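Trainee: Structure supplied as entry-v8.csv; contents: CSV, C-alpha atoms and all ligand atoms.
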chain,number,residue,atom,x,y,z
A,885,MET,CA,15.2,262.1,90.4
A,886,SER,CA,12.1,264.1,89.7
A,887,GLY,CA,9.8,266.0,92.0
A,888,GLY,CA,11.7,265.8,95.2
A,889,LEU,CA,11.5,262.0,95.5
A,890,GLU,CA,15.1,261.9,96.7
A,891,ARG,CA,13.9,263.7,99.8
A,892,ALA,CA,11.5,260.8,100.6
A,893,ALA,CA,13.6,259.1,103.2
A,894,SER,CA,11.3,256.2,104.1
A,895,ILE,CA,8.4,254.2,102.8
A,896,ASP,CA,6.3,256.3,105.2
A,897,ASP,CA,7.4,259.5,103.4
A,898,LEU,CA,6.3,257.9,100.1
A,899,ARG,CA,3.0,257.1,101.7
A,900,LEU,CA,2.5,260.7,102.8
A,901,ARG,CA,3.3,262.0,99.3
A,902,ALA,CA,0.9,259.4,97.8
A,903,ARG,CA,-1.8,260.6,100.2
A,904,ARG,CA,-1.5,264.1,98.8
A,905,ARG,CA,-1.4,263.1,95.2
A,906,LEU,CA,-4.3,260.6,95.2
A,907,PRO,CA,-8.0,261.1,95.4
A,908,ARG,CA,-9.1,260.0,98.9
A,909,PHE,CA,-11.1,257.0,97.7
A,910,ALA,CA,-8.1,255.7,95.7
A,911,PHE,CA,-5.6,256.2,98.5
A,912,ASP,CA,-7.9,254.5,101.0
A,913,PHE,CA,-8.4,251.6,98.6
A,914,VAL,CA,-4.6,251.0,98.7
A,915,ASP,CA,-3.9,252.0,102.3
A,916,GLY,CA,-6.9,250.6,104.1
A,917,GLY,CA,-7.3,247.3,105.9
A,918,ALA,CA,-10.3,245.3,107.1
A,919,GLU,CA,-12.8,246.6,109.6
A,920,SER,CA,-11.2,248.5,112.6
A,921,GLU,CA,-7.7,248.1,111.0
A,922,THR,CA,-6.2,246.6,114.2
A,923,GLY,CA,-4.8,243.8,112.0
A,924,LEU,CA,-3.1,246.4,109.9
A,925,ALA,CA,-1.5,248.0,112.9
A,926,ARG,CA,-0.6,244.6,114.4
A,927,ASN,CA,1.4,243.8,111.3
A,928,ARG,CA,3.7,246.7,112.1
A,929,SER,CA,3.8,246.3,115.9
A,930,ALA,CA,4.7,242.6,115.5
A,931,LEU,CA,7.6,243.4,113.2
A,932,ASP,CA,8.8,246.3,115.3
A,933,ALA,CA,8.8,243.9,118.4
A,934,VAL,CA,11.3,241.6,116.7
A,935,THR,CA,14.8,243.0,117.7
A,936,LEU,CA,18.0,242.1,115.8
A,937,ALA,CA,21.1,242.1,117.9
A,938,PRO,CA,23.9,244.3,116.6
A,939,ARG,CA,27.3,242.5,116.1
A,940,TYR,CA,30.5,244.5,115.4
A,941,LEU,CA,34.1,243.9,114.4
A,942,VAL,CA,33.1,241.9,111.4
A,943,ASP,CA,34.6,242.1,107.9
A,944,LEU,CA,32.0,243.8,105.7
A,945,SER,CA,34.0,244.1,102.5
A,946,ALA,CA,31.6,241.9,100.5
A,947,TYR,CA,27.9,242.4,100.8
A,948,ASP,CA,25.7,239.8,99.1
A,949,THR,CA,21.9,240.0,98.9
A,950,GLU,CA,21.4,237.4,96.1
A,951,THR,CA,18.9,234.7,96.9
A,952,THR,CA,18.1,231.7,94.9
A,953,LEU,CA,14.5,230.4,94.9
A,954,PHE,CA,13.6,227.3,92.9
A,955,GLY,CA,16.8,227.4,90.9
A,956,LYS,CA,16.5,231.1,89.9
A,957,ALA,CA,18.7,233.8,91.3
A,958,TYR,CA,17.2,237.1,92.5
A,959,ALA,CA,19.4,240.1,93.1
A,960,ALA,CA,17.6,241.1,96.3
A,961,PRO,CA,15.6,238.9,98.8
A,962,PHE,CA,12.3,240.7,98.3
A,963,GLY,CA,9.8,241.1,95.6
A,964,ILE,CA,6.6,242.9,94.7
A,965,ALA,CA,3.4,241.3,96.1
A,966,PRO,CA,0.4,240.7,93.8
A,967,MET,CA,-2.0,243.6,93.9
A,968,GLY,CA,-5.3,243.7,92.0
A,969,PHE,CA,-6.8,246.9,90.6
A,970,ILE,CA,-3.5,248.5,91.6
A,971,ASN,CA,-3.6,251.2,88.9
A,972,MET,CA,-5.7,252.9,91.5
A,973,ALA,CA,-2.4,253.8,93.1
A,974,TRP,CA,-1.3,255.5,89.9
A,975,PRO,CA,-2.0,255.0,86.2
A,976,GLY,CA,0.3,252.4,84.9
A,977,ALA,CA,1.5,251.2,88.3
A,978,ASP,CA,1.6,247.5,87.5
A,979,LEU,CA,3.5,248.0,84.3
A,980,ALA,CA,6.0,250.1,86.3
A,981,PHE,CA,6.3,247.3,88.8
A,982,ALA,CA,7.0,244.8,86.0
A,983,ARG,CA,9.8,247.0,84.5
A,984,LEU,CA,11.2,247.5,88.0
A,985,ALA,CA,11.3,243.8,88.5
A,986,ALA,CA,13.2,243.3,85.3
A,987,ARG,CA,15.7,246.1,86.1
A,988,GLU,CA,16.4,245.0,89.6
A,989,ARG,CA,16.1,241.2,89.0
A,990,ILE,CA,13.4,240.7,91.7
A,991,PRO,CA,10.0,239.0,91.3
A,992,HIS,CA,6.8,240.8,90.4
A,993,ALA,CA,3.8,238.7,91.3
A,994,ILE,CA,1.0,239.4,88.7
A,995,SER,CA,-2.4,239.4,90.3
A,996,THR,CA,-5.4,237.6,88.7
A,997,ALA,CA,-7.1,241.0,89.0
A,998,ALA,CA,-4.2,243.0,87.5
A,999,SER,CA,-5.0,246.3,85.8
A,1000,THR,CA,-2.9,245.2,82.7
A,1001,PRO,CA,-3.1,241.9,80.9
A,1002,LEU,CA,-0.7,239.3,82.3
A,1003,GLU,CA,1.1,238.7,79.0
A,1004,VAL,CA,2.0,242.4,78.8
A,1005,LEU,CA,3.3,242.4,82.4
A,1006,ALA,CA,5.2,239.1,82.0
A,1007,GLU,CA,6.9,240.4,78.9
A,1008,ALA,CA,8.0,243.6,80.6
A,1009,ALA,CA,9.2,241.7,83.6
A,1010,GLU,CA,11.7,239.8,81.4
A,1011,GLY,CA,11.6,236.4,83.2
A,1012,PHE,CA,10.9,237.9,86.7
A,1013,ALA,CA,7.1,237.5,86.7
A,1014,TRP,CA,5.3,235.2,89.0
A,1015,PHE,CA,1.5,234.6,88.7
A,1016,GLN,CA,-1.0,234.8,91.5
A,1017,ILE,CA,-4.3,232.9,91.1
A,1018,TYR,CA,-7.6,233.1,92.8
A,1019,VAL,CA,-9.2,229.7,92.4
A,1020,SER,CA,-12.8,230.4,91.8
A,1021,ASN,CA,-15.7,228.0,91.2
A,1022,ASP,CA,-15.2,228.4,87.4
A,1023,ARG,CA,-12.7,225.6,86.8
A,1024,GLU,CA,-12.4,226.3,83.2
A,1025,MET,CA,-11.5,229.8,83.9
A,1026,THR,CA,-8.8,228.7,86.4
A,1027,ALA,CA,-7.4,226.4,83.7
A,1028,HIS,CA,-7.5,229.2,81.2
A,1029,PHE,CA,-5.5,231.6,83.5
A,1030,LEU,CA,-3.0,228.8,84.3
A,1031,ASP,CA,-2.4,228.1,80.6
A,1032,ARG,CA,-1.9,231.8,79.9
A,1033,ALA,CA,0.5,232.3,82.8
A,1034,GLU,CA,2.5,229.3,81.7
A,1035,ALA,CA,2.6,230.4,78.1
A,1036,ALA,CA,3.7,233.9,79.2
A,1037,GLY,CA,6.6,232.4,81.1
A,1038,CYS,CA,5.5,232.9,84.7
A,1039,GLU,CA,7.5,230.2,86.5
A,1040,VAL,CA,6.1,230.4,90.0
A,1041,LEU,CA,2.5,230.2,90.9
A,1042,LEU,CA,1.1,231.8,94.1
A,1043,VAL,CA,-2.3,230.3,95.0
A,1044,THR,CA,-4.1,232.8,97.3
A,1045,VAL,CA,-6.2,231.0,99.9
A,1046,ASP,CA,-7.3,233.8,102.2
A,1047,VAL,CA,-10.3,235.1,100.1
A,1048,PRO,CA,-13.1,232.7,100.9
A,1049,THR,CA,-15.2,235.8,101.5
A,1050,THR,CA,-14.6,239.4,100.5
A,1051,GLY,CA,-12.6,241.5,103.0
A,1052,LYS,CA,-14.9,244.1,104.6
A,1053,ARG,CA,-13.0,247.3,104.2
A,1054,ASP,CA,-14.9,250.0,106.0
A,1055,ARG,CA,-13.1,252.9,104.3
A,1056,ASP,CA,-14.2,251.7,100.8
A,1057,ILE,CA,-17.8,251.5,102.1
A,1058,ARG,CA,-17.7,255.0,103.6
A,1059,ASN,CA,-16.1,256.4,100.4
A,1060,GLY,CA,-18.8,254.9,98.3
A,1061,LEU,CA,-16.2,253.0,96.3
A,1062,ARG,CA,-18.2,250.6,94.1
A,1063,ILE,CA,-17.4,248.5,91.1
A,1064,PRO,CA,-18.4,249.3,88.5
A,1065,PHE,CA,-17.3,252.8,89.4
A,1066,ARG,CA,-20.2,255.1,90.0
A,1067,PRO,CA,-19.1,258.7,90.7
A,1068,THR,CA,-20.8,260.2,93.7
A,1069,PRO,CA,-20.7,264.0,94.2
A,1070,SER,CA,-17.9,263.7,96.7
A,1071,ILE,CA,-15.9,261.4,94.4
A,1072,LEU,CA,-16.3,263.9,91.6
A,1073,ALA,CA,-15.1,266.7,93.9
A,1074,ASP,CA,-12.1,264.5,94.9
A,1075,LEU,CA,-11.3,263.8,91.3
A,1076,ALA,CA,-11.3,267.6,90.5
A,1077,LEU,CA,-8.9,268.2,93.3
A,1078,HIS,CA,-6.4,265.7,92.0
A,1079,PRO,CA,-6.2,266.4,88.2
A,1080,ARG,CA,-2.9,264.6,87.6
A,1081,TRP,CA,-4.3,261.3,88.8
A,1082,SER,CA,-7.7,261.9,87.2
A,1083,LEU,CA,-6.4,262.9,83.8
A,1084,GLY,CA,-3.8,260.1,83.8
A,1085,THR,CA,-6.6,257.6,84.7
A,1086,LEU,CA,-8.8,259.0,82.0
A,1087,ARG,CA,-6.0,258.5,79.5
A,1088,ALA,CA,-5.1,255.0,80.7
A,1089,GLY,CA,-8.6,253.9,81.4
A,1090,ALA,CA,-10.1,253.2,84.9
A,1091,PRO,CA,-8.5,250.2,86.6
A,1092,HIS,CA,-10.3,247.1,85.4
A,1093,PHE,CA,-10.1,243.3,85.3
A,1094,ALA,CA,-7.6,243.3,82.4
A,1095,ASN,CA,-7.1,239.5,82.5
A,1096,LEU,CA,-10.7,238.9,81.6
A,1097,SER,CA,-10.2,238.9,77.8
A,1098,GLY,CA,-10.2,236.6,74.9
A,1099,ALA,CA,-12.5,233.6,74.2
A,1100,ARG,CA,-13.3,232.8,77.9
A,1101,ALA,CA,-14.5,236.4,78.6
A,1102,GLY,CA,-17.7,235.9,76.6
A,1103,ALA,CA,-19.6,234.3,79.5
A,1104,TYR,CA,-18.9,237.2,81.7
A,1105,ALA,CA,-19.5,240.0,79.1
A,1106,SER,CA,-23.1,240.8,80.3
A,1107,MET,CA,-22.2,240.8,84.0
A,1108,THR,CA,-21.3,243.8,86.2
A,1109,LEU,CA,-17.7,243.8,87.4
A,1110,ALA,CA,-19.0,243.2,90.9
A,1111,GLU,CA,-20.6,240.0,89.8
A,1112,VAL,CA,-17.5,239.0,87.8
A,1113,GLN,CA,-15.4,239.7,90.9
A,1114,LYS,CA,-17.7,237.6,93.0
A,1115,ARG,CA,-17.4,234.7,90.6
A,1116,LEU,CA,-13.7,234.9,89.8
A,1117,LEU,CA,-12.1,236.2,92.9
A,1118,ILE,CA,-13.9,234.5,95.7
A,1119,ALA,CA,-12.8,230.9,96.5
A,1120,ASP,CA,-15.7,229.7,98.7
A,1121,ARG,CA,-15.5,226.1,97.5
A,1122,PHE,CA,-11.8,225.8,97.1
A,1123,ASP,CA,-10.5,223.0,99.4
A,1124,TRP,CA,-7.6,220.6,99.8
A,1125,ASP,CA,-9.0,218.4,97.1
A,1126,GLY,CA,-9.1,221.3,94.7
A,1127,LEU,CA,-5.6,222.1,95.7
A,1128,LYS,CA,-4.5,218.6,94.8
A,1129,ARG,CA,-6.0,219.0,91.3
A,1130,LEU,CA,-4.2,222.3,90.9
A,1131,ARG,CA,-0.9,220.7,92.1
A,1132,ASP,CA,-1.3,217.9,89.5
A,1133,ARG,CA,-1.8,220.5,86.8
A,1134,TRP,CA,0.9,223.1,87.5
A,1135,LYS,CA,4.3,221.7,86.8
A,1136,GLY,CA,6.3,224.5,88.2
A,1137,PRO,CA,6.8,225.7,91.8
A,1138,LEU,CA,3.5,226.3,93.6
A,1139,LEU,CA,3.2,228.3,96.8
A,1140,LEU,CA,0.1,228.8,98.9
A,1141,LYS,CA,-0.4,232.5,99.8
A,1142,GLY,CA,-2.2,233.3,103.0
A,1143,VAL,CA,-1.4,230.2,105.2
A,1144,MET,CA,-1.3,231.3,108.8
A,1145,ARG,CA,-1.4,228.1,110.8
A,1146,ALA,CA,1.1,225.3,111.5
A,1147,ASP,CA,-1.5,222.6,110.8
A,1148,ASP,CA,-2.4,224.1,107.4
A,1149,ALA,CA,1.4,224.3,106.7
A,1150,GLU,CA,1.6,220.5,107.4
A,1151,LYS,CA,-1.3,219.8,105.0
A,1152,ALA,CA,0.3,222.0,102.3
A,1153,ALA,CA,3.6,220.1,102.6
A,1154,ALA,CA,1.7,216.8,102.4
A,1155,ALA,CA,-0.2,218.1,99.3
A,1156,GLY,CA,3.1,218.7,97.5
A,1157,CYS,CA,3.3,222.5,97.8
A,1158,ASP,CA,6.8,223.9,97.3
A,1159,GLY,CA,6.3,226.8,99.6
A,1160,LEU,CA,4.1,229.2,101.5
A,1161,VAL,CA,3.7,233.0,101.6
A,1162,VAL,CA,2.9,233.5,105.2
A,1163,SER,CA,0.6,236.5,104.9
A,1164,ASN,CA,-2.6,238.0,106.2
A,1165,HIS,CA,-3.1,239.9,103.0
A,1166,GLY,CA,-1.7,243.0,104.5
A,1167,GLY,CA,-4.5,243.1,107.1
A,1168,ARG,CA,-7.1,243.5,104.4
A,1169,GLN,CA,-9.1,240.3,105.1
A,1170,ALA,CA,-9.4,239.3,108.7
A,1171,ASP,CA,-8.9,242.1,111.2
A,1172,TYR,CA,-8.6,239.7,114.1
A,1173,ALA,CA,-5.9,237.5,112.5
A,1174,PRO,CA,-2.4,237.5,114.1
A,1175,ALA,CA,0.5,239.2,112.3
A,1176,SER,CA,2.4,237.0,109.8
A,1177,ALA,CA,5.6,237.7,111.8
A,1178,GLU,CA,3.9,236.2,114.9
A,1179,VAL,CA,3.0,232.9,113.3
A,1180,LEU,CA,6.1,232.5,111.1
A,1181,PRO,CA,8.3,230.7,113.7
A,1182,GLU,CA,5.7,228.0,114.3
A,1183,ILE,CA,5.1,227.6,110.6
A,1184,ALA,CA,8.8,227.4,110.0
A,1185,ALA,CA,9.0,224.6,112.6
A,1186,ALA,CA,6.1,222.8,110.9
A,1187,ALA,CA,7.6,223.2,107.4
A,1188,ALA,CA,11.0,222.1,108.8
A,1189,GLY,CA,12.9,222.5,105.6
A,1190,ARG,CA,10.3,220.9,103.4
A,1191,MET,CA,8.9,224.1,101.9
A,1192,THR,CA,10.3,227.5,101.1
A,1193,LEU,CA,8.8,230.3,103.2
A,1194,ILE,CA,8.2,233.8,102.2
A,1195,LEU,CA,6.7,236.5,104.5
A,1196,ASP,CA,4.6,239.4,103.6
A,1197,SER,CA,2.3,241.9,105.5
A,1198,GLY,CA,3.7,245.0,107.0
A,1199,VAL,CA,7.1,245.2,105.3
A,1200,ARG,CA,8.0,248.9,105.4
A,1201,ARG,CA,11.7,248.8,106.4
A,1202,GLY,CA,14.7,247.0,105.0
A,1203,ALA,CA,15.1,245.6,108.6
A,1204,ASP,CA,11.8,243.8,108.2
A,1205,ILE,CA,13.3,241.6,105.5
A,1206,ALA,CA,16.2,240.7,107.8
A,1207,ARG,CA,13.7,240.0,110.6
A,1208,ALA,CA,11.7,237.7,108.3
A,1209,LYS,CA,14.9,235.8,107.5
A,1210,ALA,CA,15.9,235.5,111.1
A,1211,LEU,CA,12.4,234.2,111.9
A,1212,GLY,CA,12.6,231.4,109.3
A,1213,ALA,CA,11.6,232.9,105.9
A,1214,GLU,CA,13.9,232.9,102.9
A,1215,PHE,CA,12.3,235.9,101.2
A,1216,ALA,CA,9.8,238.7,101.7
A,1217,LEU,CA,7.2,240.4,99.5
A,1218,ALA,CA,6.0,244.0,99.9
A,1219,GLY,CA,2.7,245.3,98.6
A,1220,ARG,CA,1.9,248.8,99.8
A,1221,ALA,CA,5.5,249.9,100.0
A,1222,PHE,CA,5.7,249.7,96.2
A,1223,ALA,CA,2.1,251.0,95.8
A,1224,TYR,CA,2.9,254.1,97.9
A,1225,GLY,CA,6.0,254.6,95.7
A,1226,ALA,CA,3.9,254.5,92.6
A,1227,GLY,CA,1.4,256.9,94.2
A,1228,ALA,CA,4.3,259.2,95.2
A,1229,GLY,CA,5.9,259.4,91.8
A,1230,GLY,CA,4.8,256.8,89.2
A,1231,GLU,CA,7.6,254.7,87.9
A,1232,ALA,CA,10.4,256.7,89.6
A,1233,GLY,CA,8.5,256.5,92.8
A,1234,ALA,CA,8.2,252.7,92.6
A,1235,ALA,CA,12.0,252.6,92.0
A,1236,ARG,CA,12.5,254.9,95.0
A,1237,ALA,CA,10.6,252.4,97.2
A,1238,PHE,CA,12.9,249.6,96.0
A,1239,ASP,CA,16.0,251.7,96.7
A,1240,ILE,CA,14.8,252.7,100.2
A,1241,LEU,CA,14.2,249.1,101.2
A,1242,LYS,CA,17.4,247.8,99.6
A,1243,THR,CA,19.5,250.5,101.3
A,1244,GLU,CA,17.9,250.0,104.6
A,1245,LEU,CA,18.4,246.2,104.3
A,1246,LEU,CA,22.2,246.6,103.5
A,1247,ARG,CA,22.6,248.9,106.5
A,1248,THR,CA,20.8,246.4,108.7
A,1249,MET,CA,23.1,243.7,107.5
A,1250,GLY,CA,26.1,245.9,108.4
A,1251,GLN,CA,24.8,246.5,111.9
A,1252,ILE,CA,24.1,242.9,112.6
A,1253,GLY,CA,27.5,241.9,111.2
A,1254,GLN,CA,26.2,239.6,108.5
A,1255,PRO,CA,27.0,240.8,105.0
A,1256,VAL,CA,25.6,237.7,103.3
A,1257,PHE,CA,21.8,237.8,103.5
A,1258,ARG,CA,21.3,234.0,103.0
A,1259,LYS,CA,23.4,233.4,106.2
A,1260,ILE,CA,21.1,235.4,108.4
A,1261,GLY,CA,19.5,233.0,110.9
A,1262,PRO,CA,18.0,232.9,114.4
A,1263,GLU,CA,21.3,233.9,115.9
A,1264,ALA,CA,20.6,237.5,114.6
A,1265,LEU,CA,17.6,237.8,116.8
A,1266,GLY,CA,17.9,240.0,119.9
A,1267,PRO,CA,16.3,239.5,123.2
A,1301,LIG,C1,-4.3,247.4,96.9
A,1301,LIG,C2,-4.0,245.9,97.2
A,1301,LIG,C3,-4.5,245.0,96.3
A,1301,LIG,C4,-4.2,243.6,96.6
A,1301,LIG,N1,-4.6,242.6,95.7
A,1301,LIG,C5,-4.2,241.3,95.9
A,1301,LIG,C6,-4.5,240.4,94.9
A,1301,LIG,O1,-5.1,240.6,93.9
A,1301,LIG,N2,-4.1,239.1,95.2
A,1301,LIG,C7,-3.5,238.7,96.3
A,1301,LIG,O2,-3.1,237.6,96.5
A,1301,LIG,N3,-3.2,239.7,97.3
A,1301,LIG,C8,-3.5,241.0,97.1
A,1301,LIG,N4,-3.1,241.9,98.0
A,1301,LIG,C9,-2.3,241.5,99.1
A,1301,LIG,C10,-0.8,241.6,98.8
A,1301,LIG,O3,-0.5,240.6,97.9
A,1301,LIG,C11,0.0,241.4,100.1
A,1301,LIG,O4,-0.3,240.2,100.7
A,1301,LIG,C12,-0.1,242.6,101.0
A,1301,LIG,O5,-0.1,243.8,100.3
A,1301,LIG,C13,1.1,242.6,102.0
A,1301,LIG,O6,1.0,243.5,102.9
A,1301,LIG,P1,1.7,245.0,102.8
A,1301,LIG,O7,0.8,245.8,101.9
A,1301,LIG,O8,1.7,245.5,104.2
A,1301,LIG,O9,3.1,244.8,102.2
A,1301,LIG,C14,-3.4,243.3,97.7
A,1301,LIG,C15,-2.9,244.3,98.6
A,1301,LIG,C16,-3.2,245.6,98.3
A,1301,LIG,C17,-2.6,246.7,99.2
Translate this structure into structure tokens?
Ligand SMILES: Cc1cc2nc3c(=O)[nH]c(=O)nc-3n(C[C@H](O)[C@H](O)[C@H](O)COP(=O)(O)O)c2cc1C

Mentor:
Amino acid sequence: MSGGLERAASIDDLRLRARRRLPRFAFDFVDGGAESETGLARNRSALDAVTLAPRYLVDLSAYDTETTLFGKAYAAPFGIAPMGFINMAWPGADLAFARLAARERIPHAISTAASTPLEVLAEAAEGFAWFQIYVSNDREMTAHFLDRAEAAGCEVLLVTVDVPTTGKRDRDIRNGLRIPFRPTPSILADLALHPRWSLGTLRAGAPHFANLSGARAGAYASMTLAEVQKRLLIADRFDWDGLKRLRDRWKGPLLLKGVMRADDAEKAAAAGCDGLVVSNHGGRQADYAPASAEVLPEIAAAAAGRMTLILDSGVRRGADIARAKALGAEFALAGRAFAYGAGAGGEAGAARAFDILKTELLRTMGQIGQPVFRKIGPEALGP
């Protein structure tokens, strides 16, 4: 393994390496949360507060982490969360994630705002790509993205519901991070101090809205990227009726991403959703929101076997994936864990993030005496 990545023992170590290798504004874009970042911290403290009770004298000769979702087997019970403009973390990051997904047989959720066209990512993911959509007020564009995702072979659709307004990220404001990118003197100095990121980004092209291409892009050609973002990523008129239209249109499994309340979970089940990603967007949207680990039990009770639940927000340790399972989810997604990996070492770094989470998960399973991941249930919870 190159560049000392093997000495990165934890996701936190990868984060520190990424912090050194990235310009400050790029690191902050990935690392930051909304406003005071109490929500970001709460995601961690809530997961840390969930104890798992060790159980010993158990036969551990056959570990099994395979998990089947919607008829497809995944080799590990966690995947890569959708992240827009993620080539900020490292040039080529989202393509590296897609390849990692194919290699490890885990899902990679392609963001509407991916830095690489969805067709390219889906091909590299070799059947392990999901698609995440922001349902904007441009219904034709929504239909266009869905057609492309389906044609590219994305089987699972994540419908992100937690961006009715832009998240207010104070670090981005302080850093002068604007789209389109306008280098300030401090950003230029930052770029000069991080030549590997800067040259790589120069070669690969600055992270942009790569899915905005082809025939439908014409209407947006004369707009600034900020305007395009406002029109295509903000779902300020998307409601339960809109969801029903979407449900009628998308034939495959459909999950709402960002549901944080039991009553919304009830409505989602009634609307025919196949599942939920219980998520607060990694603390990037509503600083005052509870942690997803805090609301998961009540959502699991409301879903009561009718929908598949996935947890994200705050996953930094393999034990978090076991915690999510014990609290009622089938699966977990991690966003920044993989982004820190890419920042720490490109494709090899993303792979290192996967290995760390997988190794930690297997050790957790050994400690709690449950070598078969899908059998982990509430009995694994400690006091
Ligand atoms: C840099 C970055 C970009 C993101 N972009 C998107 C996006 O385009 N669509 C989306 O649904 N969620 C997006 N998210 C949220 C993730 O999908 C996921 O919910 C979150 O990262 C989980 O928290 P974690 O980073 O603590 O694992 C983004 C997160 C990050 C860190």

Trainee: How many Å lie between atom C8 of ligand LIG 1301 (chain A) and CA of Ala965 (chain A), rounded to one decimal?

Mentor: 7.0 Å

Trainee: Could you list, as a VMD selection string, all residues that come within 9 Å of ligand LIG 1301 (chain A)? Count only C-alpha atoms and all ligand atoms.

Mentor: chain A and resid 912 to 917 924 927 to 928 964 to 973 993 to 998 1016 to 1018 1042 to 1047 1117 1141 to 1142 1161 to 1168 1195 to 1200 1217 to 1223

Trainee: Export C-alpha atoms of the chosen residues as a short mmCIF file (atom, residue, chain, number, x, y, z; two decimals), in the frame of the given file?

Mentor:
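See selection_10.cif below for the written result:
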data_model
loop_
_atom_site.label_atom_id
_atom_site.label_comp_id
_atom_site.auth_asym_id
_atom_site.auth_seq_id
_atom_site.Cartn_x
_atom_site.Cartn_y
_atom_site.Cartn_z
CA ASP A 912 -7.90 254.50 101.00
CA PHE A 913 -8.40 251.60 98.60
CA VAL A 914 -4.60 251.00 98.70
CA ASP A 915 -3.90 252.00 102.30
CA GLY A 916 -6.90 250.60 104.10
CA GLY A 917 -7.30 247.30 105.90
CA LEU A 924 -3.10 246.40 109.90
CA ASN A 927 1.40 243.80 111.30
CA ARG A 928 3.70 246.70 112.10
CA ILE A 964 6.60 242.90 94.70
CA ALA A 965 3.40 241.30 96.10
CA PRO A 966 0.40 240.70 93.80
CA MET A 967 -2.00 243.60 93.90
CA GLY A 968 -5.30 243.70 92.00
CA PHE A 969 -6.80 246.90 90.60
CA ILE A 970 -3.50 248.50 91.60
CA ASN A 971 -3.60 251.20 88.90
CA MET A 972 -5.70 252.90 91.50
CA ALA A 973 -2.40 253.80 93.10
CA ALA A 993 3.80 238.70 91.30
CA ILE A 994 1.00 239.40 88.70
CA SER A 995 -2.40 239.40 90.30
CA THR A 996 -5.40 237.60 88.70
CA ALA A 997 -7.10 241.00 89.00
CA ALA A 998 -4.20 243.00 87.50
CA GLN A 1016 -1.00 234.80 91.50
CA ILE A 1017 -4.30 232.90 91.10
CA TYR A 1018 -7.60 233.10 92.80
CA LEU A 1042 1.10 231.80 94.10
CA VAL A 1043 -2.30 230.30 95.00
CA THR A 1044 -4.10 232.80 97.30
CA VAL A 1045 -6.20 231.00 99.90
CA ASP A 1046 -7.30 233.80 102.20
CA VAL A 1047 -10.30 235.10 100.10
CA LEU A 1117 -12.10 236.20 92.90
CA LYS A 1141 -0.40 232.50 99.80
CA GLY A 1142 -2.20 233.30 103.00
CA VAL A 1161 3.70 233.00 101.60
CA VAL A 1162 2.90 233.50 105.20
CA SER A 1163 0.60 236.50 104.90
CA ASN A 1164 -2.60 238.00 106.20
CA HIS A 1165 -3.10 239.90 103.00
CA GLY A 1166 -1.70 243.00 104.50
CA GLY A 1167 -4.50 243.10 107.10
CA ARG A 1168 -7.10 243.50 104.40
CA LEU A 1195 6.70 236.50 104.50
CA ASP A 1196 4.60 239.40 103.60
CA SER A 1197 2.30 241.90 105.50
CA GLY A 1198 3.70 245.00 107.00
CA VAL A 1199 7.10 245.20 105.30
CA ARG A 1200 8.00 248.90 105.40
CA LEU A 1217 7.20 240.40 99.50
CA ALA A 1218 6.00 244.00 99.90
CA GLY A 1219 2.70 245.30 98.60
CA ARG A 1220 1.90 248.80 99.80
CA ALA A 1221 5.50 249.90 100.00
CA PHE A 1222 5.70 249.70 96.20
CA ALA A 1223 2.10 251.00 95.80
#

Trainee: Give the answer as one residue: which of A:Ala1264, A:Ala977, A:Phe1215, A:Val1004 has the shortest atom-to-atom distance to Ala957 (chain A), using only C-alpha atoms?

Mentor: A:Phe1215

Trainee: So, counting only C-alpha atoms, which residue among A:Arg926, A:Lys1259, A:Arg1129, A:Arg1032 is closest to Ala1177 (chain A)?

Mentor: A:Arg926

Trainee: For the atom pair CA of Ala930 (chain A) and CA of Phe981 (chain A), what is the interatomic distance in Å to one decimal place?

Mentor: 27.2 Å

Trainee: Taking into account all atoms listed in the file, which residue in the set A:Asp1125, A:Glu1178, A:Glu1007, A:Glu1111 is nearest to Ala1035 (chain A)?

Mentor: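 Result for the nearest residue to Ala1035 (chain A): A:Glu1007.
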
Trainee: List every protein, DNA or RNA residue with an atom no more than 10 Å from (9.0, 223.4, 107.1) in the file's coordinates, counting only C-alpha atoms, and format the result as a ChimeraX atom specification.

Mentor: /A:1146,1149-1150,1153,1159-1160,1181-1193,1212-1213

Trainee: Between A:Leu1116, A:Ile1205, A:Ala1027, A:Leu906, which is the closest to Asp1132 (chain A) once you count only C-alpha atoms?

Mentor: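 Looking at the shortest contact to Asp1132 (chain A), the residue is A:Ala1027.
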
Trainee: Which residue out of A:Leu1002, A:Ala1228, A:Leu953, A:Ala1101 has the minimum interatomic distance to Leu1138 (chain A) when only C-alpha atoms are used?

Mentor: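 Ranking A:Leu1002, A:Ala1228, A:Leu953, A:Ala1101 by distance to Leu1138 (chain A), first place goes to A:Leu953.
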
Trainee: Taking all atoms listed in the file into account, name the residue in A:Arg1062, A:Lys1209, A:Arg891, A:Met1025 that is nearest to Tyr1104 (chain A).

Mentor: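 For Tyr1104 (chain A), the nearest of the given residues is A:Met1025.
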
Trainee: I want to know what sits within 12 Å of Arg908 (chain A), based on only C-alpha atoms, with residues of the same chain fewer than 4 positions away left out; could you give that as a VMD selection string?

Mentor: chain A and resid 902 to 904 912 to 916 972 to 973 1055 to 1056 1058 to 1061 1070 to 1078 1081 to 1082 1227

Trainee: Write out as a PyMOL selection string each polymer residue whose atoms come within 12 Å of Gly955 (chain A), counting all atoms listed in the file; drop sequence neighbours fewer than 4 positions from it.

Mentor: chain A and resi 951+1039-1040+1136-1137

Trainee: I'd like the interatomic distance between CA of Asn1095 (chain A) and CA of Trp1014 (chain A), to a tenth of an Å.

Mentor: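 For CA of Asn1095 (chain A) relative to CA of Trp1014 (chain A), the distance reads 14.6 Å.
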